[in-house]
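input_13.cif follows (mmCIF, C-alpha atoms and all ligand atoms):
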```
data_run
loop_
_atom_site.label_atom_id
_atom_site.label_comp_id
_atom_site.auth_asym_id
_atom_site.auth_seq_id
_atom_site.Cartn_x
_atom_site.Cartn_y
_atom_site.Cartn_z
CA MET A 1 79.30 94.80 90.08
CA GLU A 2 82.65 96.46 90.84
CA GLN A 3 81.92 96.64 94.58
CA GLY A 4 81.78 94.26 97.50
CA LYS A 5 83.96 91.34 96.35
CA ARG A 6 85.00 88.80 98.95
CA HIS A 7 88.70 88.40 99.70
CA GLY A 8 90.11 86.58 102.68
CA GLY A 9 86.64 86.10 104.16
CA ALA A 10 86.10 89.86 104.37
CA GLN A 11 83.93 92.04 102.17
CA THR A 12 86.31 94.36 100.29
CA PRO A 13 85.75 96.83 97.47
CA GLY A 14 88.90 95.91 95.51
CA ILE A 15 89.17 93.67 92.46
CA PHE A 16 91.92 91.12 92.03
CA ILE A 17 92.85 89.98 88.51
CA THR A 18 95.67 87.57 87.75
CA PHE A 19 97.36 86.83 84.44
CA GLU A 20 98.71 83.36 83.82
CA GLY A 21 100.39 81.48 81.00
CA GLY A 22 103.70 80.02 79.93
CA GLU A 23 106.88 81.97 79.28
CA GLY A 24 106.47 84.89 76.88
CA ALA A 25 102.69 84.50 76.66
CA GLY A 26 102.28 88.28 76.84
CA LYS A 27 101.25 88.69 80.47
CA SER A 28 103.22 91.84 81.25
CA THR A 29 102.26 93.40 77.90
CA HIS A 30 98.54 92.92 78.51
CA ILE A 31 98.73 93.95 82.16
CA ARG A 32 100.17 97.23 80.92
CA PHE A 33 97.35 97.81 78.40
CA LEU A 34 94.73 96.94 81.00
CA ALA A 35 96.29 99.14 83.67
CA GLU A 36 96.27 102.13 81.33
CA ALA A 37 92.60 101.59 80.48
CA LEU A 38 91.62 101.20 84.15
CA GLU A 39 93.63 104.23 85.22
CA SER A 40 92.13 106.38 82.50
CA HIS A 41 88.78 105.27 83.92
CA GLY A 42 89.75 106.63 87.33
CA ARG A 43 90.65 103.43 89.17
CA GLU A 44 93.65 103.01 91.42
CA VAL A 45 95.63 100.19 89.81
CA LEU A 46 98.46 98.19 91.32
CA CYS A 47 100.55 96.09 88.94
CA LEU A 48 102.56 93.33 90.56
CA ARG A 49 104.46 90.24 89.62
CA GLU A 50 105.16 86.91 91.24
CA PRO A 51 107.55 85.97 92.55
CA GLY A 52 108.40 89.50 93.66
CA GLY A 53 106.46 92.68 94.30
CA THR A 54 107.97 93.22 97.77
CA SER A 55 111.54 93.74 98.87
CA ILE A 56 111.65 90.27 100.46
CA GLY A 57 109.88 88.75 97.44
CA GLU A 58 112.38 90.29 95.01
CA ASP A 59 115.25 88.76 97.02
CA LEU A 60 113.49 85.38 96.85
CA ARG A 61 112.89 85.88 93.10
CA ALA A 62 116.61 86.42 92.54
CA ILE A 63 117.37 83.11 94.29
CA VAL A 64 114.70 81.02 92.57
CA LEU A 65 115.39 82.30 89.02
CA ASP A 66 119.21 82.36 89.23
CA PRO A 67 120.56 79.82 86.68
CA GLU A 68 123.53 79.32 89.04
CA ASN A 69 121.17 77.69 91.57
CA SER A 70 120.85 74.44 89.64
CA ALA A 71 121.12 72.50 92.96
CA LEU A 72 117.80 73.94 94.25
CA SER A 73 115.49 71.01 95.07
CA ASP A 74 111.90 70.91 93.80
CA GLU A 75 110.63 71.06 97.39
CA ALA A 76 112.76 74.10 98.25
CA GLU A 77 111.66 75.76 95.00
CA LEU A 78 108.00 75.34 95.96
CA LEU A 79 108.56 76.84 99.40
CA ILE A 80 110.37 79.86 97.96
CA TYR A 81 107.42 80.61 95.64
CA GLU A 82 105.01 80.19 98.56
CA ALA A 83 107.13 82.39 100.85
CA ALA A 84 107.19 85.17 98.25
CA ARG A 85 103.41 84.78 97.84
CA ALA A 86 102.67 84.90 101.57
CA GLN A 87 104.69 88.11 101.77
CA ILE A 88 103.04 89.88 98.81
CA VAL A 89 99.53 88.88 99.94
CA ASN A 90 100.14 90.15 103.44
CA GLU A 91 102.16 93.26 102.65
CA VAL A 92 100.60 94.48 99.39
CA ILE A 93 97.60 92.63 97.92
CA ALA A 94 95.27 92.37 100.91
CA PRO A 95 95.74 96.05 101.95
CA ALA A 96 95.27 97.24 98.35
CA LEU A 97 92.03 95.27 97.96
CA ALA A 98 90.83 96.59 101.30
CA ARG A 99 91.23 100.18 100.11
CA GLY A 100 89.42 99.48 96.82
CA ALA A 101 92.28 99.21 94.32
CA VAL A 102 92.33 97.00 91.27
CA VAL A 103 95.26 94.62 91.67
CA LEU A 104 96.74 93.11 88.50
CA CYS A 105 99.21 90.33 89.19
CA ASP A 106 101.56 88.70 86.67
CA ARG A 107 101.21 85.06 87.85
CA PHE A 108 99.69 83.78 91.09
CA PHE A 109 98.75 80.40 92.58
CA ASP A 110 97.76 78.77 89.26
CA SER A 111 101.41 79.06 88.20
CA THR A 112 102.38 76.94 91.20
CA ILE A 113 99.98 74.19 90.16
CA ALA A 114 101.14 74.39 86.52
CA TYR A 115 104.91 74.53 87.22
CA GLN A 116 105.41 72.68 90.51
CA VAL A 117 102.63 70.06 90.11
CA PHE A 118 102.37 69.50 86.33
CA GLY A 119 105.98 70.53 85.58
CA ARG A 120 107.91 69.13 88.56
CA GLY A 121 105.50 66.38 89.61
CA LEU A 122 104.95 67.48 93.25
CA ASP A 123 101.86 66.26 95.09
CA ARG A 124 98.84 68.31 94.06
CA ALA A 125 96.97 68.15 97.37
CA PHE A 126 100.05 69.34 99.25
CA VAL A 127 100.68 72.21 96.81
CA GLU A 128 97.03 73.27 96.99
CA ALA A 129 97.27 73.34 100.79
CA ALA A 130 100.47 75.39 100.58
CA ASN A 131 98.72 77.81 98.19
CA ARG A 132 95.83 78.20 100.64
CA PHE A 133 98.26 78.81 103.51
CA ALA A 134 100.16 81.49 101.57
CA CYS A 135 97.03 83.24 100.25
CA GLN A 136 95.10 83.42 103.53
CA GLY A 137 91.77 83.45 101.72
CA VAL A 138 92.72 85.96 99.03
CA ARG A 139 91.57 84.65 95.64
CA PRO A 140 91.53 86.21 92.19
CA ASP A 141 88.13 87.47 91.03
CA ARG A 142 89.19 86.68 87.47
CA THR A 143 92.19 85.04 85.86
CA VAL A 144 93.20 85.58 82.24
CA LEU A 145 95.13 82.63 80.84
CA LEU A 146 97.13 83.75 77.81
CA THR A 147 98.11 81.02 75.39
CA VAL A 148 100.50 81.08 72.45
CA GLY A 149 99.35 77.82 70.90
CA ASP A 150 100.48 74.23 71.41
CA CYS A 151 104.12 74.99 70.88
CA ALA A 152 105.88 76.13 74.10
CA GLU A 153 108.94 77.16 72.05
CA LYS A 154 107.15 80.17 70.58
CA GLY A 155 106.60 81.72 74.03
CA LEU A 156 110.09 80.78 75.18
CA GLU A 157 111.53 82.44 72.10
CA ARG A 158 109.52 85.58 72.86
CA ALA A 159 110.62 85.51 76.51
CA THR A 160 114.34 84.99 75.98
CA HIS A 161 115.20 86.76 72.73
CA GLN A 162 116.15 90.05 74.44
CA VAL A 163 117.50 88.83 77.78
CA GLY A 164 119.17 85.55 78.75
CA ALA A 165 117.13 82.58 79.99
CA ASP A 166 116.46 82.26 83.73
CA ARG A 167 116.57 78.96 85.69
CA LEU A 168 112.99 77.98 84.81
CA GLU A 169 113.30 79.00 81.18
CA LEU A 170 116.33 76.69 80.90
CA GLU A 171 114.12 73.66 81.61
CA GLY A 172 113.56 71.43 78.57
CA ALA A 173 110.74 71.60 76.04
CA SER A 174 108.88 68.68 77.65
CA PHE A 175 108.78 70.54 81.00
CA HIS A 176 107.23 73.60 79.34
CA ALA A 177 104.81 71.43 77.35
CA ARG A 178 103.62 69.84 80.64
CA VAL A 179 103.25 73.32 82.19
CA ASN A 180 101.17 74.56 79.26
CA ALA A 181 98.98 71.42 79.30
CA GLY A 182 98.61 71.91 83.06
CA PHE A 183 97.34 75.48 82.60
CA MET A 184 94.69 74.21 80.14
CA GLU A 185 93.55 71.55 82.63
CA ILE A 186 93.38 74.08 85.47
CA ALA A 187 91.34 76.46 83.27
CA ALA A 188 88.94 73.73 82.17
CA ALA A 189 88.10 72.99 85.81
CA GLU A 190 87.23 76.62 86.65
CA PRO A 191 85.63 78.26 83.60
CA ASP A 192 83.91 80.98 85.65
CA ARG A 193 87.14 82.34 87.08
CA ILE A 194 89.64 81.50 84.35
CA ARG A 195 89.18 82.84 80.81
CA ILE A 196 91.48 81.55 78.07
CA VAL A 197 92.69 84.18 75.61
CA ALA A 198 94.82 83.25 72.60
CA SER A 199 97.80 85.60 72.48
CA ALA A 200 99.20 84.78 69.05
CA ASP A 201 97.59 87.66 67.10
CA ARG A 202 98.46 91.33 67.00
CA LYS A 203 98.76 92.73 70.51
CA SER A 204 95.80 95.08 70.05
CA ASP A 205 93.57 92.16 68.95
CA THR A 206 94.68 90.11 71.94
CA ALA A 207 94.10 93.08 74.25
CA ARG A 208 90.53 93.47 72.98
CA LYS A 209 89.91 89.82 73.82
CA VAL A 210 91.35 90.42 77.30
CA PHE A 211 88.99 93.39 77.79
CA ALA A 212 86.06 91.24 76.60
CA ALA A 213 87.04 88.60 79.18
CA LEU A 214 86.65 91.26 81.90
CA SER A 215 83.60 93.12 80.64
CA ASP A 216 81.23 91.48 83.14
CA ILE A 217 83.37 92.96 85.95
CA PHE A 218 84.06 96.34 84.27
CA THR A 219 80.94 96.85 82.17
CA TRP A 220 82.39 99.94 80.43
CA MET A 221 84.98 97.68 78.79
CA ALA A 222 82.29 96.32 76.47
CA ASP A 223 82.35 99.70 74.65
CA PRO A 224 84.65 99.29 71.59
CA ALA A 225 85.71 102.95 71.93
CA VAL A 226 87.61 102.05 75.12
CA ALA A 227 90.25 100.26 73.10
CA ASP A 228 90.70 101.70 69.63
CA GLU A 229 93.93 101.60 67.63
CA ALA A 230 94.90 105.09 68.84
CA PHE A 231 94.71 103.90 72.46
CA PHE A 232 97.11 101.00 71.82
CA GLY A 233 99.37 103.09 69.62
CA LYS A 234 99.72 105.72 72.35
CA ILE A 235 100.61 103.16 75.04
CA GLU A 236 103.09 101.34 72.83
CA LYS A 237 104.76 104.61 71.96
CA SER A 238 105.07 105.80 75.56
CA TYR A 239 106.17 102.34 76.72
CA TYR A 240 108.95 102.00 74.18
CA GLY A 241 109.97 105.63 74.75
CA ASN A 242 110.16 104.99 78.52
CA LYS A 243 111.90 101.70 78.02
CA LYS A 244 114.63 103.34 75.99
CA SER A 245 115.26 106.12 78.51
CA ALA A 246 115.04 103.71 81.47
CA ALA A 247 117.49 101.35 79.80
CA SER A 248 119.98 104.15 79.41
CA SER A 249 119.52 105.35 83.03
CA GLY A 250 119.27 101.85 84.56
CA GLY A 251 115.80 102.75 85.90
CA ASP A 252 112.55 100.82 86.23
CA VAL A 253 109.55 101.06 83.90
CA ARG A 254 106.06 99.61 83.81
CA GLY A 255 106.14 96.25 82.11
CA SER A 256 109.90 95.93 82.08
CA GLU A 257 112.02 93.58 84.16
CA GLY A 258 111.42 95.84 87.21
CA GLY A 259 109.90 94.53 90.46
CA SER A 260 106.63 96.42 90.38
CA LEU A 261 105.09 97.16 87.01
CA ASP A 262 103.49 100.15 88.64
CA GLY A 263 105.25 102.96 86.74
N1 LIG B 1 99.93 89.18 70.73
C1 LIG B 1 100.92 89.46 71.57
N2 LIG B 1 100.62 89.76 72.82
C2 LIG B 1 101.62 90.01 73.71
N3 LIG B 1 102.92 90.00 73.46
C3 LIG B 1 103.30 89.73 72.22
C4 LIG B 1 102.32 89.46 71.22
N4 LIG B 1 102.99 89.24 70.09
C5 LIG B 1 104.30 89.37 70.38
N5 LIG B 1 104.50 89.68 71.66
C6 LIG B 1 105.85 89.88 72.28
O1 LIG B 1 106.14 88.77 73.14
C7 LIG B 1 107.14 89.17 74.10
C8 LIG B 1 106.78 88.64 75.48
O2 LIG B 1 105.73 89.41 76.02
P1 LIG B 1 105.62 89.63 77.60
O3 LIG B 1 104.42 90.50 77.80
O4 LIG B 1 106.91 90.08 78.18
O5 LIG B 1 105.31 88.12 78.07
P2 LIG B 1 105.29 87.49 79.53
O6 LIG B 1 105.11 88.60 80.51
O7 LIG B 1 104.13 86.55 79.50
O8 LIG B 1 106.60 86.76 79.67
C9 LIG B 1 107.24 90.68 74.04
O9 LIG B 1 108.43 91.00 73.37
C10 LIG B 1 106.01 91.08 73.23
O10 LIG B 1 106.26 92.27 72.51
C1 LIG B 2 104.59 82.32 90.61
C2 LIG B 2 105.36 81.15 90.09
C3 LIG B 2 106.25 81.27 89.04
N1 LIG B 2 106.94 80.20 88.59
C4 LIG B 2 107.92 80.38 87.50
C5 LIG B 2 107.34 80.72 86.17
C6 LIG B 2 108.43 81.53 85.49
O1 LIG B 2 109.30 80.62 84.82
C7 LIG B 2 109.17 82.16 86.65
C8 LIG B 2 108.85 83.62 86.81
O2 LIG B 2 109.66 84.30 85.96
P1 LIG B 2 109.17 85.51 85.09
O3 LIG B 2 110.38 86.11 84.45
O4 LIG B 2 108.29 86.41 85.88
O5 LIG B 2 108.35 84.73 83.98
P2 LIG B 2 107.38 85.37 82.92
O6 LIG B 2 108.02 86.63 82.41
O7 LIG B 2 107.22 84.32 81.87
O8 LIG B 2 106.13 85.61 83.70
O9 LIG B 2 108.77 81.46 87.84
C9 LIG B 2 106.79 78.95 89.18
O10 LIG B 2 107.45 77.97 88.77
N2 LIG B 2 105.91 78.80 90.22
C10 LIG B 2 105.19 79.85 90.70
O11 LIG B 2 104.40 79.69 91.66
#
```

Would you kindly transcribe this structure into structure tokens?
Amino acid sequence: MEQGKRHGGAQTPGIFITFEGGEGAGKSTHIRFLAEALESHGREVLCLREPGGTSIGEDLRAIVLDPENSALSDEAELLIYEAARAQIVNEVIAPALARGAVVLCDRFFDSTIAYQVFGRGLDRAFVEAANRFACQGVRPDRTVLLTVGDCAEKGLERATHQVGADRLELEGASFHARVNAGFMEIAAAEPDRIRIVASADRKSDTARKVFAALSDIFTWMADPAVADEAFFGKIEKSYYGNKKSAASSGGDVRGSEGGSLDG
């Protein structure tokens, strides 16, 4: 089951999993838990984020999220996200899948439908074509949609309480409500690929639901011993320990604001 997935029209041994959801839904937190579990099971894991994950993509990220760039048009915004995606697919994701890695990506093309189509109101058929162009046939094997309930404010509060709001986070509540409703509509249309996981509980409970949503791909994840309280406690401890020392040295850590989440 873990072998021979199709990406970009070619048979590759890698597995591509994306995490989607509104601001502060817990994507980077749960990517970190999942990466630890996969690595301790001997898999090569690559943790990425969009926009970003490449040097060019990180430059594009800085432009598109900069609150100073309030003049950026909706059309230009779309093309920046697609440019960053084309780069990360070509430079990082496709080669990693070809060599058999598990690629975990914080946002991918569903975010473009949710934000640029449902949020901004751009034409869906055009955005879908742009997504196909940027992805060159690479598609997620599974997408976990994390939800924090009907109220977009809860996620926004989570996302912005430590650092200031970026350009997208500064959009109004109705924009984020449209984005969240858009994610639910996208998920309803593709139940095989997209699994909805409520992310309002304790992190360890949410993480167990994430593992359950992947247990047909990684059958060993069905074993409750994979994710006991000690497992989560250990990761939280090392993460917050790392975060503290990285914050004081200005360095990058898995799951922080750094470009790659890959430790
Ligand atoms: N059940 C939960 N799952 C994930 N994160 C949670 C949960 N409850 C609270 N949080 C907090 O929400 C904040 C946002 O999480 P994060 O993983 O950075 O979200 P995202 O990557 O989706 O923006 C973090 O401070 C995290 O500790
Ligand atoms: C990938 C992608 C992201 N976005 C937005 C969603 C986020 O507001 C922002 C990415 O910022 P980020 O800080 O990564 O958000 P989060 O921590 O919530 O994942 O870009 C789009 O509008 N379209 C896209 O195609």

Expected selection as a ChimeraX atom specification for ligand LIG 2 (chain B) within 8 Å, only C-alpha atoms and all ligand atoms
/A:20-25,27-28,49-51,61,64-65,77-78,81-82,85,106-116,159,166-169,257

Expected answer as a ChimeraX atom specification: residues within 10 Å of ligand LIG 1 (chain B), only C-alpha atoms and all ligand atoms
/A:19-32,49,106-107,145-148,154-162,198-207,236,255-257

Of the listed residues A:Ala181, A:Ile217, A:Ala173, A:Ala37, that which approaches A:Arg193 most closely, counting all atoms listed in the file
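Of the candidates, the smallest distance to A:Arg193 is held by A:Ile217.
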
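Going from atom CA of A:Glu190 to atom CA of A:Arg43 covers 27.1 Å.
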
Show me, as an MDAnalysis selection string, the residues that have an atom within 9 Å of A:Asp74 when counting all atoms listed in the file, minus same-chain residues fewer than 5 positions from it.
chainID A and resid 79 116 120:122

Near A:His7, counting all atoms listed in the file, which residues have an atom at most 8 Å away, once you skip same-chain residues fewer than 5 positions from it, shown as a PDB file with C-alpha atoms, in the coordinates of the input?
```
ATOM      1  CA  THR A  12      86.310  94.360 100.290  1.00  0.00           C
ATOM      2  CA  ALA A  94      95.270  92.370 100.910  1.00  0.00           C
ATOM      3  CA  LEU A  97      92.030  95.270  97.960  1.00  0.00           C
ATOM      4  CA  GLY A 137      91.770  83.450 101.720  1.00  0.00           C
ATOM      5  CA  VAL A 138      92.720  85.960  99.030  1.00  0.00           C
ATOM      6  CA  ARG A 139      91.570  84.650  95.640  1.00  0.00           C
TER       7      ARG A 139
END
```

Complete stretch 127-162 of chain A with N, CA and C atoms (output as a PDB file, in the coordinates of the input).
```pdb
ATOM      1  N   VAL A 127     100.440  70.877  97.401  1.00  0.00           N
ATOM      2  CA  VAL A 127     100.680  72.210  96.810  1.00  0.00           C
ATOM      3  C   VAL A 127      99.426  73.082  96.969  1.00  0.00           C
ATOM      4  N   GLU A 128      98.258  72.481  96.806  1.00  0.00           N
ATOM      5  CA  GLU A 128      97.030  73.270  96.990  1.00  0.00           C
ATOM      6  C   GLU A 128      96.921  73.769  98.440  1.00  0.00           C
ATOM      7  N   ALA A 129      97.316  72.916  99.379  1.00  0.00           N
ATOM      8  CA  ALA A 129      97.270  73.340 100.790  1.00  0.00           C
ATOM      9  C   ALA A 129      98.283  74.463 101.034  1.00  0.00           C
ATOM     10  N   ALA A 130      99.454  74.340 100.424  1.00  0.00           N
ATOM     11  CA  ALA A 130     100.470  75.390 100.580  1.00  0.00           C
ATOM     12  C   ALA A 130      99.970  76.706  99.959  1.00  0.00           C
ATOM     13  N   ASN A 131      99.299  76.602  98.813  1.00  0.00           N
ATOM     14  CA  ASN A 131      98.720  77.810  98.190  1.00  0.00           C
ATOM     15  C   ASN A 131      97.708  78.465  99.133  1.00  0.00           C
ATOM     16  N   ARG A 132      96.851  77.632  99.738  1.00  0.00           N
ATOM     17  CA  ARG A 132      95.830  78.200 100.640  1.00  0.00           C
ATOM     18  C   ARG A 132      96.499  78.880 101.832  1.00  0.00           C
ATOM     19  N   PHE A 133      97.555  78.252 102.359  1.00  0.00           N
ATOM     20  CA  PHE A 133      98.260  78.810 103.510  1.00  0.00           C
ATOM     21  C   PHE A 133      98.860  80.171 103.154  1.00  0.00           C
ATOM     22  N   ALA A 134      99.495  80.238 101.968  1.00  0.00           N
ATOM     23  CA  ALA A 134     100.160  81.490 101.570  1.00  0.00           C
ATOM     24  C   ALA A 134      99.149  82.596 101.265  1.00  0.00           C
ATOM     25  N   CYS A 135      97.996  82.216 100.716  1.00  0.00           N
ATOM     26  CA  CYS A 135      97.030  83.240 100.250  1.00  0.00           C
ATOM     27  C   CYS A 135      96.088  83.731 101.344  1.00  0.00           C
ATOM     28  N   GLN A 136      95.967  82.998 102.417  1.00  0.00           N
ATOM     29  CA  GLN A 136      95.100  83.420 103.530  1.00  0.00           C
ATOM     30  C   GLN A 136      93.735  83.884 103.065  1.00  0.00           C
ATOM     31  N   GLY A 137      93.141  83.147 102.158  1.00  0.00           N
ATOM     32  CA  GLY A 137      91.770  83.450 101.720  1.00  0.00           C
ATOM     33  C   GLY A 137      91.675  84.416 100.565  1.00  0.00           C
ATOM     34  N   VAL A 138      92.780  85.041 100.178  1.00  0.00           N
ATOM     35  CA  VAL A 138      92.720  85.960  99.030  1.00  0.00           C
ATOM     36  C   VAL A 138      92.706  85.127  97.743  1.00  0.00           C
ATOM     37  N   ARG A 139      91.704  85.387  96.910  1.00  0.00           N
ATOM     38  CA  ARG A 139      91.570  84.650  95.640  1.00  0.00           C
ATOM     39  C   ARG A 139      91.321  85.632  94.513  1.00  0.00           C
ATOM     40  N   PRO A 140      91.828  85.327  93.322  1.00  0.00           N
ATOM     41  CA  PRO A 140      91.530  86.210  92.190  1.00  0.00           C
ATOM     42  C   PRO A 140      90.033  86.206  91.861  1.00  0.00           C
ATOM     43  N   ASP A 141      89.506  87.392  91.524  1.00  0.00           N
ATOM     44  CA  ASP A 141      88.130  87.470  91.030  1.00  0.00           C
ATOM     45  C   ASP A 141      88.057  86.942  89.597  1.00  0.00           C
ATOM     46  N   ARG A 142      89.124  87.147  88.860  1.00  0.00           N
ATOM     47  CA  ARG A 142      89.190  86.680  87.470  1.00  0.00           C
ATOM     48  C   ARG A 142      90.643  86.406  87.129  1.00  0.00           C
ATOM     49  N   THR A 143      90.844  85.382  86.326  1.00  0.00           N
ATOM     50  CA  THR A 143      92.190  85.040  85.860  1.00  0.00           C
ATOM     51  C   THR A 143      92.149  84.957  84.339  1.00  0.00           C
ATOM     52  N   VAL A 144      93.099  85.644  83.706  1.00  0.00           N
ATOM     53  CA  VAL A 144      93.200  85.580  82.240  1.00  0.00           C
ATOM     54  C   VAL A 144      94.376  84.660  81.925  1.00  0.00           C
ATOM     55  N   LEU A 145      94.073  83.561  81.246  1.00  0.00           N
ATOM     56  CA  LEU A 145      95.130  82.630  80.840  1.00  0.00           C
ATOM     57  C   LEU A 145      95.484  82.920  79.376  1.00  0.00           C
ATOM     58  N   LEU A 146      96.682  83.433  79.174  1.00  0.00           N
ATOM     59  CA  LEU A 146      97.130  83.750  77.810  1.00  0.00           C
ATOM     60  C   LEU A 146      97.853  82.543  77.230  1.00  0.00           C
ATOM     61  N   THR A 147      97.483  82.188  76.014  1.00  0.00           N
ATOM     62  CA  THR A 147      98.110  81.020  75.390  1.00  0.00           C
ATOM     63  C   THR A 147      98.728  81.413  74.053  1.00  0.00           C
ATOM     64  N   VAL A 148      99.869  80.800  73.746  1.00  0.00           N
ATOM     65  CA  VAL A 148     100.500  81.080  72.450  1.00  0.00           C
ATOM     66  C   VAL A 148     100.461  79.849  71.547  1.00  0.00           C
ATOM     67  N   GLY A 149      99.478  79.006  71.745  1.00  0.00           N
ATOM     68  CA  GLY A 149      99.350  77.820  70.900  1.00  0.00           C
ATOM     69  C   GLY A 149      99.989  76.619  71.561  1.00  0.00           C
ATOM     70  N   ASP A 150     100.000  75.498  70.836  1.00  0.00           N
ATOM     71  CA  ASP A 150     100.480  74.230  71.410  1.00  0.00           C
ATOM     72  C   ASP A 150     101.982  74.216  71.618  1.00  0.00           C
ATOM     73  N   CYS A 151     102.664  75.088  70.903  1.00  0.00           N
ATOM     74  CA  CYS A 151     104.120  74.990  70.880  1.00  0.00           C
ATOM     75  C   CYS A 151     104.736  75.920  71.936  1.00  0.00           C
ATOM     76  N   ALA A 152     105.301  75.330  73.005  1.00  0.00           N
ATOM     77  CA  ALA A 152     105.880  76.130  74.100  1.00  0.00           C
ATOM     78  C   ALA A 152     107.082  76.942  73.605  1.00  0.00           C
ATOM     79  N   GLU A 153     107.732  76.471  72.536  1.00  0.00           N
ATOM     80  CA  GLU A 153     108.940  77.160  72.050  1.00  0.00           C
ATOM     81  C   GLU A 153     108.650  78.590  71.627  1.00  0.00           C
ATOM     82  N   LYS A 154     107.451  78.817  71.073  1.00  0.00           N
ATOM     83  CA  LYS A 154     107.150  80.170  70.580  1.00  0.00           C
ATOM     84  C   LYS A 154     107.212  81.178  71.734  1.00  0.00           C
ATOM     85  N   GLY A 155     106.566  80.835  72.866  1.00  0.00           N
ATOM     86  CA  GLY A 155     106.600  81.720  74.030  1.00  0.00           C
ATOM     87  C   GLY A 155     108.005  81.856  74.585  1.00  0.00           C
ATOM     88  N   LEU A 156     108.723  80.735  74.641  1.00  0.00           N
ATOM     89  CA  LEU A 156     110.090  80.780  75.180  1.00  0.00           C
ATOM     90  C   LEU A 156     110.966  81.680  74.324  1.00  0.00           C
ATOM     91  N   GLU A 157     110.761  81.605  73.016  1.00  0.00           N
ATOM     92  CA  GLU A 157     111.530  82.440  72.100  1.00  0.00           C
ATOM     93  C   GLU A 157     111.239  83.912  72.375  1.00  0.00           C
ATOM     94  N   ARG A 158     109.927  84.207  72.544  1.00  0.00           N
ATOM     95  CA  ARG A 158     109.520  85.580  72.860  1.00  0.00           C
ATOM     96  C   ARG A 158     110.161  86.042  74.168  1.00  0.00           C
ATOM     97  N   ALA A 159     110.176  85.125  75.159  1.00  0.00           N
ATOM     98  CA  ALA A 159     110.620  85.510  76.510  1.00  0.00           C
ATOM     99  C   ALA A 159     112.129  85.717  76.586  1.00  0.00           C
ATOM    100  N   THR A 160     112.888  84.992  75.771  1.00  0.00           N
ATOM    101  CA  THR A 160     114.340  84.990  75.980  1.00  0.00           C
ATOM    102  C   THR A 160     115.129  85.700  74.887  1.00  0.00           C
ATOM    103  N   HIS A 161     114.424  86.234  73.849  1.00  0.00           N
ATOM    104  CA  HIS A 161     115.200  86.760  72.730  1.00  0.00           C
ATOM    105  C   HIS A 161     115.949  88.043  73.084  1.00  0.00           C
ATOM    106  N   GLN A 162     115.458  88.798  74.095  1.00  0.00           N
ATOM    107  CA  GLN A 162     116.150  90.050  74.440  1.00  0.00           C
ATOM    108  C   GLN A 162     117.098  89.878  75.629  1.00  0.00           C
TER     109      GLN A 162
END
```
